[in-house]
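structure36.txt (compact mmCIF, C-alpha atoms and all ligand atoms) appears below.
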# COMPACT_ATOMS: atom_id res chain seq x y z
CA MET A 81 102.76 107.05 103.50
CA ILE A 82 104.10 103.63 104.43
CA VAL A 83 104.25 102.79 108.12
CA GLY A 84 106.15 99.61 108.98
CA VAL A 85 105.45 98.15 112.41
CA LEU A 86 108.79 96.45 112.83
CA ASN A 87 110.79 94.68 115.47
CA GLN A 88 112.92 91.57 115.15
CA LYS A 89 111.51 90.39 118.45
CA GLY A 90 108.24 88.44 118.52
CA GLY A 91 105.40 89.17 120.90
CA VAL A 92 106.03 92.93 121.20
CA GLY A 93 102.67 93.85 119.64
CA LYS A 94 103.49 94.30 115.93
CA THR A 95 100.36 92.59 114.65
CA THR A 96 98.11 94.11 117.31
CA ILE A 97 99.35 97.61 116.52
CA ALA A 98 99.38 97.16 112.74
CA VAL A 99 95.77 95.95 112.63
CA ASN A 100 94.50 98.67 114.95
CA LEU A 101 96.46 101.45 113.27
CA ALA A 102 95.07 100.36 109.91
CA ALA A 103 91.57 100.52 111.41
CA CYS A 104 92.17 104.01 112.85
CA PHE A 105 93.58 105.40 109.60
CA SER A 106 90.67 103.96 107.71
CA GLN A 107 88.19 105.56 110.14
CA THR A 108 89.57 108.94 109.11
CA GLY A 109 88.43 108.24 105.55
CA ARG A 110 91.84 107.31 104.20
CA ARG A 111 92.27 104.43 101.79
CA VAL A 112 94.30 101.88 103.73
CA LEU A 113 96.23 98.75 102.78
CA LEU A 114 97.49 96.41 105.50
CA ILE A 115 100.35 94.19 104.33
CA ASP A 116 101.04 91.07 106.36
CA ALA A 117 104.78 90.60 105.85
CA ASP A 118 105.10 87.86 108.46
CA PRO A 119 105.08 84.29 107.07
CA GLN A 120 103.11 83.34 110.18
CA GLY A 121 100.19 85.29 108.69
CA SER A 122 98.67 86.65 111.92
CA ALA A 123 97.10 89.72 110.30
CA LEU A 124 95.62 87.49 107.59
CA ALA A 125 94.26 85.19 110.31
CA TRP A 126 92.69 88.22 111.99
CA SER A 127 90.94 89.20 108.79
CA ALA A 128 89.82 85.59 108.22
CA ALA A 129 88.31 85.53 111.74
CA ARG A 130 86.00 88.42 110.85
CA GLN A 131 82.37 88.11 109.87
CA ALA A 132 82.32 91.35 107.88
CA ASP A 133 85.06 92.51 105.54
CA PRO A 134 87.27 95.12 107.15
CA ASP A 135 87.01 98.61 105.66
CA PHE A 136 90.61 98.32 104.55
CA VAL A 137 92.38 95.76 102.37
CA VAL A 138 94.57 93.06 103.94
CA VAL A 139 97.09 91.19 101.79
CA GLY A 140 99.87 88.72 102.54
CA MET A 141 103.27 89.67 101.15
CA ALA A 142 105.98 87.87 103.09
CA LYS A 143 108.49 88.32 100.30
CA PRO A 144 112.10 89.47 100.31
CA THR A 145 111.23 91.70 97.34
CA LEU A 146 108.58 93.68 99.23
CA HIS A 147 110.63 96.89 99.05
CA ARG A 148 110.75 96.63 95.27
CA GLU A 149 107.04 95.93 94.90
CA ILE A 150 105.79 98.44 97.45
CA ALA A 151 105.45 101.37 95.04
CA VAL A 152 103.03 99.45 92.83
CA LEU A 153 101.17 98.02 95.83
CA ALA A 154 100.83 101.41 97.51
CA LYS A 155 99.70 103.27 94.40
CA ASN A 156 95.98 103.30 95.15
CA TYR A 157 96.20 103.89 98.91
CA ASP A 158 96.74 106.88 101.17
CA VAL A 159 98.35 104.83 103.92
CA VAL A 160 100.02 101.43 103.87
CA VAL A 161 100.67 99.65 107.16
CA ILE A 162 103.14 96.75 107.19
CA ASP A 163 102.95 94.08 109.88
CA GLY A 164 106.59 93.05 110.00
CA ALA A 165 108.15 89.63 110.50
CA PRO A 166 110.24 88.67 113.49
CA ARG A 167 113.85 87.54 112.99
CA VAL A 168 116.71 89.21 111.21
CA ASN A 169 116.57 88.01 107.65
CA GLU A 170 115.75 89.25 104.15
CA LEU A 171 112.07 89.53 105.05
CA GLY A 172 112.86 91.87 107.92
CA ARG A 173 115.20 93.93 105.78
CA ALA A 174 112.70 94.15 102.92
CA ALA A 175 109.98 95.41 105.30
CA ILE A 176 112.31 98.08 106.68
CA MET A 177 113.36 99.16 103.19
CA ALA A 178 109.72 99.37 102.13
CA SER A 179 108.81 101.78 104.95
CA ASP A 180 108.84 105.58 105.22
CA LEU A 181 108.37 105.34 108.97
CA ALA A 182 109.61 102.35 110.94
CA LEU A 183 107.57 102.17 114.11
CA ILE A 184 109.30 99.94 116.66
CA PRO A 185 107.00 98.63 119.40
CA VAL A 186 108.83 97.99 122.66
CA GLN A 187 107.45 96.75 125.95
CA PRO A 188 108.75 98.17 129.22
CA SER A 189 111.15 95.31 129.87
CA PRO A 190 114.95 95.07 129.72
CA TYR A 191 114.60 92.19 127.25
CA ASP A 192 112.87 94.50 124.83
CA VAL A 193 115.54 97.17 125.21
CA TRP A 194 118.30 94.64 124.50
CA ALA A 195 116.44 93.25 121.51
CA ALA A 196 115.72 96.74 120.16
CA ALA A 197 119.43 97.28 119.48
CA GLU A 198 119.24 94.74 116.67
CA THR A 199 116.27 96.42 115.00
CA VAL A 200 117.82 99.88 115.36
CA GLN A 201 121.00 98.57 113.75
CA LEU A 202 119.06 97.12 110.80
CA ILE A 203 117.29 100.45 110.33
CA ARG A 204 120.59 102.35 110.41
CA GLU A 205 121.90 100.05 107.68
CA ALA A 206 118.76 100.62 105.61
CA GLN A 207 119.06 104.40 106.05
CA GLN A 208 122.31 104.30 104.09
CA PHE A 209 120.28 103.27 101.07
CA LYS A 210 117.07 105.12 101.82
CA ASP A 211 117.40 108.76 102.81
CA GLY A 212 113.85 109.48 103.92
CA LEU A 213 113.52 106.47 106.22
CA ARG A 214 112.61 107.59 109.74
CA SER A 215 112.13 105.52 112.86
CA ALA A 216 110.60 105.86 116.31
CA PHE A 217 109.93 103.69 119.34
CA LEU A 218 106.35 103.12 120.39
CA VAL A 219 105.96 102.05 124.00
CA ASN A 220 103.42 99.23 124.15
CA ARG A 221 101.81 97.52 127.17
CA LYS A 222 102.71 100.41 129.35
CA ILE A 223 101.74 100.13 133.01
CA ALA A 224 101.24 103.61 134.45
CA ASN A 225 103.62 105.19 136.94
CA THR A 226 105.96 102.31 137.61
CA ALA A 227 109.67 102.49 138.37
CA ILE A 228 110.34 100.09 135.51
CA GLY A 229 108.62 102.55 133.19
CA ARG A 230 110.99 105.35 134.16
CA ASP A 231 114.12 103.14 133.90
CA PHE A 232 112.88 101.97 130.55
CA HIS A 233 112.75 105.49 129.11
CA ALA A 234 116.28 106.11 130.35
CA ALA A 235 117.41 102.86 128.71
CA LEU A 236 115.86 103.80 125.36
CA ALA A 237 117.83 107.06 125.43
CA GLN A 238 120.90 105.01 124.43
CA PHE A 239 119.48 105.17 120.89
CA PRO A 240 119.64 108.93 120.27
CA ASP A 241 118.66 108.59 116.60
CA THR A 242 115.41 106.84 117.51
CA PRO A 243 112.92 109.08 119.34
CA VAL A 244 110.24 107.68 121.61
CA LEU A 245 106.74 108.71 120.49
CA ASP A 246 104.78 110.85 122.94
CA VAL A 247 101.79 108.55 122.68
CA ALA A 248 102.13 105.14 124.38
CA LEU A 249 99.71 102.21 124.40
CA ALA A 250 98.77 100.81 127.78
CA GLN A 251 98.39 97.17 128.74
CA ARG A 252 94.70 96.35 128.21
CA VAL A 253 92.66 93.19 127.78
CA VAL A 254 90.53 94.70 125.01
CA TYR A 255 93.36 94.07 122.53
CA ALA A 256 93.13 90.28 122.84
CA GLU A 257 89.37 90.29 123.32
CA SER A 258 88.73 92.26 120.15
CA ALA A 259 91.27 90.26 118.10
CA ALA A 260 89.58 87.00 119.15
CA ARG A 261 86.41 88.27 117.45
CA GLY A 262 88.27 89.46 114.37
CA LEU A 263 87.58 93.05 115.33
CA SER A 264 89.77 96.08 115.78
CA VAL A 265 89.67 97.90 119.12
CA PRO A 266 87.92 100.96 117.59
CA GLU A 267 85.19 98.63 116.31
CA ALA A 268 84.83 96.49 119.44
CA ALA A 269 85.15 99.26 122.01
CA PRO A 270 84.97 102.65 120.27
CA ARG A 271 84.79 104.65 123.48
CA SER A 272 87.52 102.76 125.35
CA GLU A 273 90.77 104.27 126.57
CA ALA A 274 92.58 101.90 124.22
CA ALA A 275 90.66 103.25 121.21
CA ARG A 276 91.47 106.81 122.28
CA GLU A 277 95.18 105.99 122.58
CA LEU A 278 95.18 104.36 119.15
CA GLN A 279 93.43 107.36 117.60
CA SER A 280 95.99 109.70 119.19
CA LEU A 281 98.76 107.53 117.79
CA ALA A 282 97.27 107.63 114.28
CA GLU A 283 96.88 111.43 114.52
CA LEU A 284 100.45 111.84 115.72
CA ILE A 285 101.79 109.83 112.78
CA ILE A 286 99.75 111.83 110.26
CA ALA A 287 100.73 115.16 111.88
CA ASN A 288 104.42 114.23 111.81
CA LYS A 289 104.17 113.26 108.20
CA GLU A 290 102.49 116.55 107.26
CA ARG A 291 105.05 118.55 109.22
CA LEU A 292 107.92 116.86 107.41
CA ALA A 293 106.26 117.35 104.04
CA ALA A 294 105.65 121.08 104.70
N1 LIG B 1 98.80 96.90 124.63
C1 LIG B 1 98.52 95.60 124.86
N2 LIG B 1 97.81 95.23 125.95
C2 LIG B 1 97.55 93.92 126.19
N3 LIG B 1 97.96 92.92 125.39
C3 LIG B 1 98.67 93.22 124.29
C4 LIG B 1 98.99 94.57 123.95
N4 LIG B 1 99.71 94.56 122.79
C5 LIG B 1 99.83 93.26 122.43
N5 LIG B 1 99.21 92.45 123.33
C6 LIG B 1 99.15 90.97 123.31
O1 LIG B 1 100.48 90.48 123.19
C7 LIG B 1 100.53 89.30 122.41
C8 LIG B 1 101.55 89.49 121.29
O2 LIG B 1 101.11 90.52 120.41
P1 LIG B 1 101.34 90.45 118.85
O3 LIG B 1 100.67 91.63 118.28
O4 LIG B 1 100.95 89.12 118.32
O5 LIG B 1 102.92 90.62 118.78
P2 LIG B 1 103.91 90.38 117.53
O6 LIG B 1 103.13 90.56 116.28
O7 LIG B 1 105.00 91.40 117.71
O8 LIG B 1 104.46 88.99 117.68
C9 LIG B 1 99.12 89.08 121.91
O9 LIG B 1 98.52 88.12 122.73
C10 LIG B 1 98.43 90.43 122.09
O10 LIG B 1 97.04 90.31 122.35
MG MG B 2 102.83 89.31 114.64

Any chance you could give the structure as structure tokens?
Ligand SMILES: Nc1ncnc2c1ncn2[C@@H]1O[C@H](COP(=O)(O)OP(=O)(O)O)[C@@H](O)[C@H]1O
Ligand SMILES: [Mg+2]
Amino acid sequence: MIVGVLNQKGGVGKTTIAVNLAACFSQTGRRVLLIDADPQGSALAWSAARQADPDFVVVGMAKPTLHREIAVLAKNYDVVVIDGAPRVNELGRAAIMASDLALIPVQPSPYDVWAAAETVQLIREAQQFKDGLRSAFLVNRKIANTAIGRDFHAALAQFPDTPVLDVALAQRVVYAESAARGLSVPEAAPRSEAARELQSLAELIIANKERLAA
């Protein structure tokens, strides 16, 4: 399965989510490849900041041909996670075309809703060429029980072909703290709420995949 963490907007949490999802999948015993498809190389920088090798492989592949090379790259892995590039260009399109599931992180802010339209449109275009490509919003940096949170869900409903995942990730300092040490959240704080949310997210993605395959 190839999960692209994709959004043409920067700063929405693509790298944070891609790294931590890769860590969660790998904790379940799956063979995991994390592809850094952003020329900025943030996921590569994370892996370089580590003392120990991660228990999954991280490679840089910011290439417009990613979608053509993905089958060969993915061959020896159970799950591939792609950390997508910001901006609408061939790199963004290639990352979408390479994915089975396009996970679109969005923060509870009107700016993120407006920017999401662009990513949703790119995915719709890609779906014309790739039948099995599915997409979903993942709410990131959620702040519990706020009015903005409720308005935000209503605003996302304008994209009826893009469901919002039941699991959301809350705003928590452990994300930056762990990344600064080159660690994933499950490594740095295995019993934290953030780790639990990430594990639920990984389980939800796997369960969805198995349901569709059945
Ligand atoms: N759930 C979260 N809680 C707190 N901070 C977060 C969360 N998700 C992301 N961040 C922070 O937001 C910033 C941008 O995240 P990043 O993953 O680099 O986004 P992108 O890859 O989309 O540009 C980083 O400083 C990261 O630590
Ligand atoms: Mg990034």

Subject >> Test item: residues at most 9 Å from region 234-238 of chain A, only C-alpha atoms, excluding those fewer than 5 positions along its chain, as a PyMOL selection string >> reply: chain A and resi 190+193+196+217+229+243-244

**OP:** Please identify the residues whose atoms come within 9 Å of ligand MG 2 (chain B), using only C-alpha atoms and all ligand atoms, and report them as a PyMOL selection string.
**Re:** chain A and resi 90-96+98+116+118+120-123+163-166

**OP:** Around the point (107.9, 90.0, 95.4), in the coordinates given by the file, pick out the residues reaching within 12 Å, counting all atoms listed in the file, and return them as a ChimeraX atom specification.
**Re:** /A:117,140-153,170-171,174-175,178

Once you add 3 Å to each side, what are the centre and edge lengths of the axis-aligned box holding all listed atoms of ligand LIG 1 (chain B)? One decimal in Å, as AutoDock Vina command-line options, if you can.
--center_x 101.0 --center_y 92.5 --center_z 121.2 --size_x 14.0 --size_y 14.8 --size_z 15.9

Original post:
Hey, can you check how far CA of Pro240 (chain A) sits from atom C1 of ligand LIG 1 (chain B)?
Top reply: 25.4 Å

Subject >> Which of A:Ser280, A:Thr199, A:Asn220, A:Gln107 sits closest to ligand LIG 1 (chain B) [using all atoms listed in the file] >> reply: A:Asn220

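Coordinates place CA of Leu249 (chain A) at a distance of 26.7 Å from CA of Gln131 (chain A).
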
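Proximity of A:Ala256, A:Leu213, A:Val186, A:Ile162 to His233 (chain A), computed with all atoms listed in the file, is greatest for A:Val186.
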
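Here CA of Phe105 (chain A) is placed at a distance of 16.5 Å from CA of Lys155 (chain A).
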